[in-house]
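To start, the structure itself, in structure tokens.
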Amino acid sequence: MGKTDTGMSGRAVLSAETRRLGRRAVLPIALGYAVALCGLAQAWLLARLVAGLLGYPVGGWTDLAGAAALMLAAAGLTAAQEIAQAAAGRAARAHLRGQAFDRLLALGPADGRAAGDRATLVVERIEALDGYFSKWQPAAALALLVPLTIIVLLAWVDWPSASVLLVMGLLVPVGMAVAGIGAALASKRQFEALAHLSGRFTDRVRGLPTLVLFNRAEDEAKGLAAPAEELRRRTMKVLRVAFLSSGILELLSAFALAYLAWRHGALLGDSHPNPVVALWCILLVPAFFQPLRNFSAAYHEAQSARGAAAELATLLAPATGAPGLLLEAVPPRVAVVFSNVVLRPSAERPPALDGLTFSAAAGETILLAGPSGAGKSSVLSLLLGFRRADAGRIAINGQDVALLRPEELRRLSAYVGQKPHLFAGSIADNIRMARPDATDAALAAAADAAQVTEFAPDLGLVVGEGGFGLSGGQAQRVALARAFLADRPLLLLDEPTASLDPGTEALVLDAIQRLCVGRTAIIATHSPAALRNLPGRLVTLEAGRAINRRMAGN
């Protein structure tokens, strides 16, 4: 995808979210305009008071009380505007983050981004969008509405003053465009540097034990210095451009104020025909330029948000091609057939599967054996819908799986990986994730079948995030209990007994045998105990091909 397409996609994300916000996006603008109107009326009353202090027969306590009341009203409206702005930004971030998480969960391992890049995308990128909805949109609208209102009012009472402000106002976009071109490029490059540094840092933190084990921690710390320096340099460039934009605005504001003060000051000294109007024109100069200052301050927020939205658009882009078919119902039994299946992770690498052919009858257990990289996990990934075969055919009950939506494949199967993830909460909550509407009796039966009740009799044991507090074997039995509770016709297990001691492995294998009864199971393993004790048919893979098929077990 080219740069233009990416940018348009980013703008499409922001526009779609703005339309979705609806009233929440309009409310801060309406409140900000009300604040500006209070300021205009207050400026008129203050002009009357100052004219009275200069000896003209105007102004009084009523004007003072009115100005004080308007000041309080403006303060209340300003507070309400800030609350509405924060609510709009918060709602937009929550919705977009939910969309991003849903998309990442749908993609699963098919998403080629590194873990650090994913974390940066859903955290920092979406946080960078806050300013667009909470600051930029109200500022952009008010920068047009408020100055136009002031020019119309001044044109009615003193057209030369209105003309001066109109000319200065028209010069503001010119100056900001000159600075904005550089700001857009600098902001985009800053985000690229930030993403590179954040992703690299997150990945290195995740792999810190390995780096320490191989005595590479110091080298990696030095390696982070270069991207950190690049981020510092680009951040300073963004700040320089931002200060240039502010400087142009302040110069135009100072010129307008100086000219109007000189013009009306000279007339005031020579019996000005309408001193209140003269003072009002001068007092309105700050009110005229304040929305433009807010616009200038929020301009960087808009540029940052557009850069972040362009990155987010690649994730939220709808999938190309037909969405696929839905299952009318989950069949009670399934048969799986692989026919000359080819899977290429990338053009530069050899195929993960190279003409793989095998079949699993309904209720049969297939043990996939072979060295690491032989293609075992690729088979499971295809059956889970995380990848599509580049060639060949995969059929379930005689139907080509390429015709189904990927999520429909996951409705057919229960998956247990090598390192199942447990969330902070009770054992019961973690098992119930497989089927939230399950009864307590079904939950207890699943836990008993997976031998979870041996270490958590009442299932109320609370564990930490990632299964903190449980051994590897205990966590694996909780994962098997999820599979029992899900009660799907297709079981997909990826190295379910890896890194377990012999005693624990025997318990897990016993639970797996019970789980496989009446279900079609495909188990990727290189465990001698699993190959020896699990009944089923052995399919040995090598370089993505099936080289041997025979009965497993004793």
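Order determines the names: the first chain of the structure tokens is A, the second B, and so forth; residues in each chain are numbered 1 upward, and ligands are numbered 1 upward as they are shown.
Using only C-alpha atoms, the contacts of A:Ala75 at a cut-off of 12 Å, with sequence neighbours closer than 4 positions omitted, comprise Leu31, Gly32, Ala34, Val35, Ala36, Cys38, Gly39, Ala68, Ala69, Leu70, Met71, Ala79, Ala80, Gln81 and Glu82 of chain A.
Taking atom CA of A:Phe214 and atom CA of A:Asp111 as the two end points, the separation is 28.9 Å.
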Do you know which residues are at most 8 Å from stretch 444-450 of chain A counting only C-alpha atoms, after dropping those on the same chain fewer than 3 positions away, and could you put them as a compact mmCIF listing (two decimals) with N, CA and C atoms, in the first residue's frame?
# COMPACT_ATOMS: atom_id res chain seq x y z
N ILE A 431 -11.68 -21.66 33.96
CA ILE A 431 -12.25 -22.77 33.20
C ILE A 431 -13.52 -22.33 32.47
N ASP A 440 -22.94 -25.00 36.87
CA ASP A 440 -21.94 -25.38 37.87
C ASP A 440 -21.64 -26.88 37.81
N ALA A 441 -22.64 -27.66 37.49
CA ALA A 441 -22.43 -29.11 37.40
C ALA A 441 -21.50 -29.45 36.23
N THR A 453 -9.47 -30.98 40.30
CA THR A 453 -9.94 -31.00 41.69
C THR A 453 -8.92 -31.62 42.64
N ARG A 477 -3.57 -28.69 33.23
CA ARG A 477 -4.81 -29.38 33.55
C ARG A 477 -5.99 -28.42 33.54
N VAL A 478 -5.76 -27.17 33.95
CA VAL A 478 -6.82 -26.16 33.84
C VAL A 478 -7.18 -25.94 32.37
N LEU A 480 -6.87 -28.14 29.98
CA LEU A 480 -7.61 -29.32 29.54
C LEU A 480 -9.05 -29.28 30.05
N ALA A 481 -9.24 -28.74 31.25
CA ALA A 481 -10.61 -28.60 31.75
C ALA A 481 -11.42 -27.65 30.88
N ARG A 482 -10.77 -26.62 30.37
CA ARG A 482 -11.46 -25.74 29.42
C ARG A 482 -11.91 -26.53 28.19
N PHE A 484 -12.51 -29.75 28.00
CA PHE A 484 -13.63 -30.62 28.39
C PHE A 484 -14.93 -29.83 28.41
N LEU A 485 -14.87 -28.63 29.00
CA LEU A 485 -16.08 -27.81 29.13
C LEU A 485 -16.56 -27.31 27.77
N VAL A 508 -1.25 -35.69 33.00
CA VAL A 508 -1.80 -34.92 31.88
C VAL A 508 -2.18 -35.85 30.73
N ALA A 511 -5.46 -37.49 31.38
CA ALA A 511 -6.58 -36.58 31.11
C ALA A 511 -6.80 -36.42 29.61
N ILE A 512 -5.70 -36.37 28.82
CA ILE A 512 -5.82 -36.22 27.37
C ILE A 512 -6.51 -37.44 26.77
N ARG A 514 -8.78 -39.35 28.11
CA ARG A 514 -10.22 -39.23 28.35
C ARG A 514 -10.84 -38.15 27.46
For A:Val379, work out the shell of residues within 10 Å, counting only C-alpha atoms and skipping chain neighbours fewer than 4 positions away, then give it as a PyMOL selection string. chain A and resi 338+341+343+352-353+356+368+375+383-384+387+389+492+522+524+544
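The space between atom CA of A:Ala287 and atom CA of A:Tyr299 spans 19.1 Å.
In this comparison, which uses only C-alpha atoms, the residue of A:Arg411, A:Thr78, A:Gly417, A:Val152 approaching A:Leu27 most closely is A:Thr78.
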Test item: residues at most 8 Å from stretch 497-502 of chain A, only C-alpha atoms, excluding those fewer than 4 positions along its chain, as a CSV table (one decimal) with C-alpha atoms, in the first residue's frame:
chain,number,residue,atom,x,y,z
A,418,GLN,CA,2.2,-25.7,25.2
A,472,GLY,CA,3.1,-26.0,34.7
A,473,GLY,CA,1.3,-29.2,35.1
A,506,ALA,CA,1.5,-39.1,33.2
A,508,VAL,CA,-1.8,-34.9,31.9
A,509,LEU,CA,-1.6,-37.8,29.4
A,527,SER,CA,7.3,-36.5,23.6
A,530,ALA,CA,3.0,-39.3,24.5
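Counting only C-alpha atoms, the residue from A:Leu403, A:Leu507, A:Gly355, A:Gly373 that sits nearest to A:Gly324 is A:Leu403.
The coordinates place atom CA of A:Val463 at 7.1 Å from atom CA of A:Ile427.
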Which polymer residues have any atom within 12 Å of an atom of A:Leu154, counting only C-alpha atoms, with same-chain residues fewer than 4 positions away left out, as a short mmCIF file (atom, residue, chain, number, x, y, z; two decimals) with N, CA and C atoms, in the first residue's frame?
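Output file around.cif is given in full below:
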data_model
loop_
_atom_site.label_atom_id
_atom_site.label_comp_id
_atom_site.auth_asym_id
_atom_site.auth_seq_id
_atom_site.Cartn_x
_atom_site.Cartn_y
_atom_site.Cartn_z
N LEU A 40 -17.39 38.06 24.42
CA LEU A 40 -17.70 39.25 23.61
C LEU A 40 -18.59 40.22 24.39
N TRP A 44 -17.69 44.08 25.86
CA TRP A 44 -18.50 45.29 25.65
C TRP A 44 -18.76 46.02 26.97
N PRO A 147 -13.86 33.84 15.16
CA PRO A 147 -13.37 35.01 14.40
C PRO A 147 -14.40 35.55 13.40
N LEU A 148 -15.16 34.68 12.74
CA LEU A 148 -16.18 35.16 11.82
C LEU A 148 -17.25 35.97 12.56
N THR A 149 -17.64 35.50 13.74
CA THR A 149 -18.62 36.24 14.54
C THR A 149 -18.09 37.62 14.91
N ILE A 150 -16.84 37.69 15.32
CA ILE A 150 -16.25 38.98 15.71
C ILE A 150 -16.16 39.91 14.51
N ASP A 158 -17.75 49.19 13.08
CA ASP A 158 -16.51 49.87 12.67
C ASP A 158 -15.80 49.01 11.61
N TRP A 159 -16.15 49.22 10.35
CA TRP A 159 -15.65 48.33 9.30
C TRP A 159 -14.14 48.40 9.12
N PRO A 160 -13.44 49.53 9.35
CA PRO A 160 -11.97 49.49 9.20
C PRO A 160 -11.31 48.50 10.18
N SER A 161 -11.81 48.47 11.42
CA SER A 161 -11.25 47.51 12.39
C SER A 161 -11.54 46.08 11.96
N ALA A 162 -12.74 45.84 11.45
CA ALA A 162 -13.08 44.50 10.97
C ALA A 162 -12.19 44.11 9.81
N SER A 163 -11.87 45.05 8.94
CA SER A 163 -11.02 44.75 7.78
C SER A 163 -9.62 44.35 8.22
N VAL A 164 -9.09 45.06 9.22
CA VAL A 164 -7.74 44.75 9.71
C VAL A 164 -7.71 43.33 10.28
N LEU A 165 -8.69 43.01 11.11
CA LEU A 165 -8.72 41.67 11.70
C LEU A 165 -8.94 40.60 10.63
N LEU A 166 -9.73 40.91 9.61
CA LEU A 166 -9.96 39.94 8.54
C LEU A 166 -8.67 39.62 7.81
N VAL A 277 -17.13 51.85 21.40
CA VAL A 277 -16.82 51.02 20.24
C VAL A 277 -15.30 50.93 20.04
N ALA A 278 -14.60 52.08 20.23
CA ALA A 278 -13.14 52.09 20.08
C ALA A 278 -12.48 51.14 21.07
N LEU A 279 -12.89 51.23 22.32
CA LEU A 279 -12.31 50.35 23.33
C LEU A 279 -12.71 48.88 23.09
N TRP A 280 -13.94 48.67 22.63
CA TRP A 280 -14.41 47.31 22.35
C TRP A 280 -13.59 46.67 21.23
N CYS A 281 -13.29 47.47 20.19
CA CYS A 281 -12.48 46.95 19.09
C CYS A 281 -11.11 46.48 19.59
N ILE A 282 -10.51 47.26 20.49
CA ILE A 282 -9.19 46.90 21.01
C ILE A 282 -9.29 45.66 21.90
N LEU A 283 -10.34 45.59 22.74
CA LEU A 283 -10.50 44.45 23.64
C LEU A 283 -10.83 43.15 22.90
N LEU A 284 -11.37 43.28 21.69
CA LEU A 284 -11.73 42.08 20.94
C LEU A 284 -10.55 41.44 20.22
N VAL A 285 -9.43 42.13 20.14
CA VAL A 285 -8.27 41.55 19.45
C VAL A 285 -7.82 40.25 20.14
N PHE A 288 -10.27 37.60 19.39
CA PHE A 288 -10.20 37.17 17.99
C PHE A 288 -9.09 36.13 17.79
#
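Among the candidates A:Leu107, A:Lys419, A:Thr235, A:Leu64, the residue lying nearest to A:Gly385 is A:Leu107 (atoms considered: only C-alpha atoms).
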Just the residues within 9 Å of A:Ile394, please, counting only C-alpha atoms, with nothing from its chain fewer than 6 positions along; format it as a PyMOL selection string. chain A and resi 336-341+382-383+400-402
Pull N, CA and C atoms from the residues just selected and write them as a compact mmCIF listing (two decimals), in the first residue's frame.
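For reference, out-v6.txt as written:
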# COMPACT_ATOMS: atom_id res chain seq x y z
N VAL A 336 -11.29 -34.92 9.05
CA VAL A 336 -10.38 -33.91 8.49
C VAL A 336 -9.53 -34.56 7.42
N VAL A 337 -9.38 -33.86 6.27
CA VAL A 337 -8.54 -34.36 5.18
C VAL A 337 -7.65 -33.23 4.68
N PHE A 338 -6.33 -33.48 4.64
CA PHE A 338 -5.36 -32.58 4.02
C PHE A 338 -4.94 -33.21 2.69
N SER A 339 -5.07 -32.46 1.59
CA SER A 339 -4.72 -32.98 0.27
C SER A 339 -3.72 -32.03 -0.41
N ASN A 340 -2.45 -32.45 -0.45
CA ASN A 340 -1.40 -31.67 -1.13
C ASN A 340 -1.37 -30.21 -0.68
N VAL A 341 -1.42 -30.01 0.62
CA VAL A 341 -1.50 -28.66 1.18
C VAL A 341 -0.11 -28.02 1.20
N LEU A 382 -3.59 -23.78 10.50
CA LEU A 382 -4.54 -23.84 9.39
C LEU A 382 -5.93 -24.27 9.87
N LEU A 383 -5.97 -25.25 10.76
CA LEU A 383 -7.25 -25.74 11.25
C LEU A 383 -7.94 -24.75 12.19
N ASP A 400 -14.76 -27.82 1.87
CA ASP A 400 -13.52 -27.05 1.83
C ASP A 400 -13.54 -25.97 2.91
N VAL A 401 -12.54 -25.98 3.79
CA VAL A 401 -12.53 -25.00 4.88
C VAL A 401 -12.27 -23.59 4.37
N ALA A 402 -11.72 -23.45 3.15
CA ALA A 402 -11.48 -22.12 2.60
C ALA A 402 -12.78 -21.35 2.37
Backbone DSSP call of strand (DSSP E or B) for stretch 459-537 of chain A, listed as a PyMOL selection string: chain A and resi 462-464+468+490-494+520-524+536-537
Of the candidates A:Leu491, A:Leu326, A:Ala155, A:Leu380, which shows the shortest atom-to-atom distance to A:Ser413, using only C-alpha atoms? A:Leu491
Counting only C-alpha atoms, figure out which residue out of A:Leu49, A:Ala41, A:Ala67, A:Leu325 gets nearest to A:Leu153. A:Ala41
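Here the question is which of A:Met168, A:Ala442, A:Leu470, A:Met236 gets nearest to A:Phe255 using only C-alpha atoms, and that residue is A:Met168.
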